[in-house]
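Right, one structure below, let's go through it.
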Amino acid sequence: MWIANGSWTNRLLIAVPFAFAALLNAVMVGVEHLHLRLDYIARYGLAFPGPWAWVVNVADITNHLNVQNGWLRGFIIYVALLWIPAALYSVCLWVLLVVLGIAARRLLNRLDPEVAKKFKRRTAITPSIVVVAALSWFALELCREQIACNKRGAAFAQRVESIERDANEELSIGAKSADVSRFFAEHGIPFEIVESEVIGTLFTVGCGPLGCGTDSALIGVRVKLDSAGAVAEKPKVVEMYTSCM
């Protein structure tokens, strides 16, 4: 069989799922050293099983067996999420190649030898192009999301800096209540007055560090007031990511 008798292109295609699994495994293990977002990488890791989503339940074995060792738990999860689906993908590819090989052999027997030779050559090149394109897309997608995350993080940091600078300039001790209201309105920060303190909270997004499930963040501003409603103390500005461990 031309397509199913073990040519290098066939072996390459069958190995592609394992290559993806190895790449995802390496990136997920080294996410901290590569300064990538864990939640972005995990999304690809969870999407990889795809048709084999039921395999993900195998990871529950760590709970059923009460596996305490972190390395062993990680090994079982990676096997369930990446390597078992990779093996299943490869088996499906092998079956597909066998079927295509049977059909191709019948087709080639009817073609002129020269035409058949050109057809074989072009078909051998196509898998390589597909593999390179897929790996390039994956790398570009990671870079694109990381760049977008970095931009959000920079914008968040600049916004915090702007709010903190304006708070120190506009809400100095003795500033009137009208100045306080204007400050919060200018920065689009919802606020409420609790006893003698103005508390404002702005929910936004940034680029959460390692250990954060999402990029959700907030900026908080607290201003102490005296009995006359004027600023009594230097305002406090805090920022934090809201979904971190």
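In the structure tokens, each chain is lettered A, B, ... as it comes, each chain's residues begin at 1, and ligands are numbered from 1 in order of appearance.
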
(request) For segment 204-210 of chain A, list every protein, DNA or RNA residue within 6 Å, evaluated using only C-alpha atoms, and leave out those in the same chain fewer than 2 positions away; present the list as a PyMOL selection string. (result) chain A and resi 149+152-153+156+212+215-218

Atoms kept (N, CA and C atoms) for selection, written as a compact mmCIF listing (two decimals), in the first residue's frame:
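The resulting file, part.txt, is shown below:
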```txt
# COMPACT_ATOMS: atom_id res chain seq x y z
N CYS A 149 -1.74 40.27 26.28
CA CYS A 149 -1.75 40.27 27.74
C CYS A 149 -0.78 41.32 28.29
N ARG A 152 -2.30 44.75 28.00
CA ARG A 152 -3.31 44.99 29.04
C ARG A 152 -2.65 45.25 30.38
N GLY A 153 -1.57 44.51 30.66
CA GLY A 153 -0.87 44.71 31.92
C GLY A 153 -0.24 46.09 32.00
N PHE A 156 -2.98 48.65 32.52
CA PHE A 156 -3.46 48.59 33.91
C PHE A 156 -2.49 49.32 34.83
N CYS A 212 -2.81 33.19 38.72
CA CYS A 212 -4.10 33.84 38.55
C CYS A 212 -4.89 33.12 37.46
N ASP A 215 -7.57 37.45 34.05
CA ASP A 215 -6.90 38.75 34.09
C ASP A 215 -7.72 39.80 34.84
N SER A 216 -8.80 39.37 35.51
CA SER A 216 -9.65 40.31 36.23
C SER A 216 -8.86 41.01 37.34
N ALA A 217 -9.07 42.31 37.44
CA ALA A 217 -8.33 43.11 38.43
C ALA A 217 -9.23 44.23 38.94
N LEU A 218 -8.77 44.87 39.99
CA LEU A 218 -9.50 46.03 40.51
C LEU A 218 -8.52 47.08 41.01
```

(message) Taking 6 positions as the minimum chain separation for residues in the same chain, which residues sit within 10 Å of Ser181 of chain A when counting only C-alpha atoms? Answer as a PyMOL selection string.
(response) chain A and resi 189-191+198

(request) Just give me the gap between atom CA of Ile129 of chain A and atom CA of Val16 of chain A in Å, one decimal is fine. (result)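 Distance between the two atoms: 12.2 Å.
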
(request) Find the distance between atom CA of Gly101 of chain A and atom CA of Trp137 of chain A and write it in Å to one decimal. (result) 28.5 Å

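Using only C-alpha atoms, the nearest neighbour of Asn25 of chain A within the list A:Val98, A:Cys244, A:Leu171, A:Leu81 is A:Leu81.
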
(request) Could you tell me how far atom CA of Phe138 of chain A lies from atom CA of Ala157 of chain A, in Å and to one decimal? (result) 28.7 Å
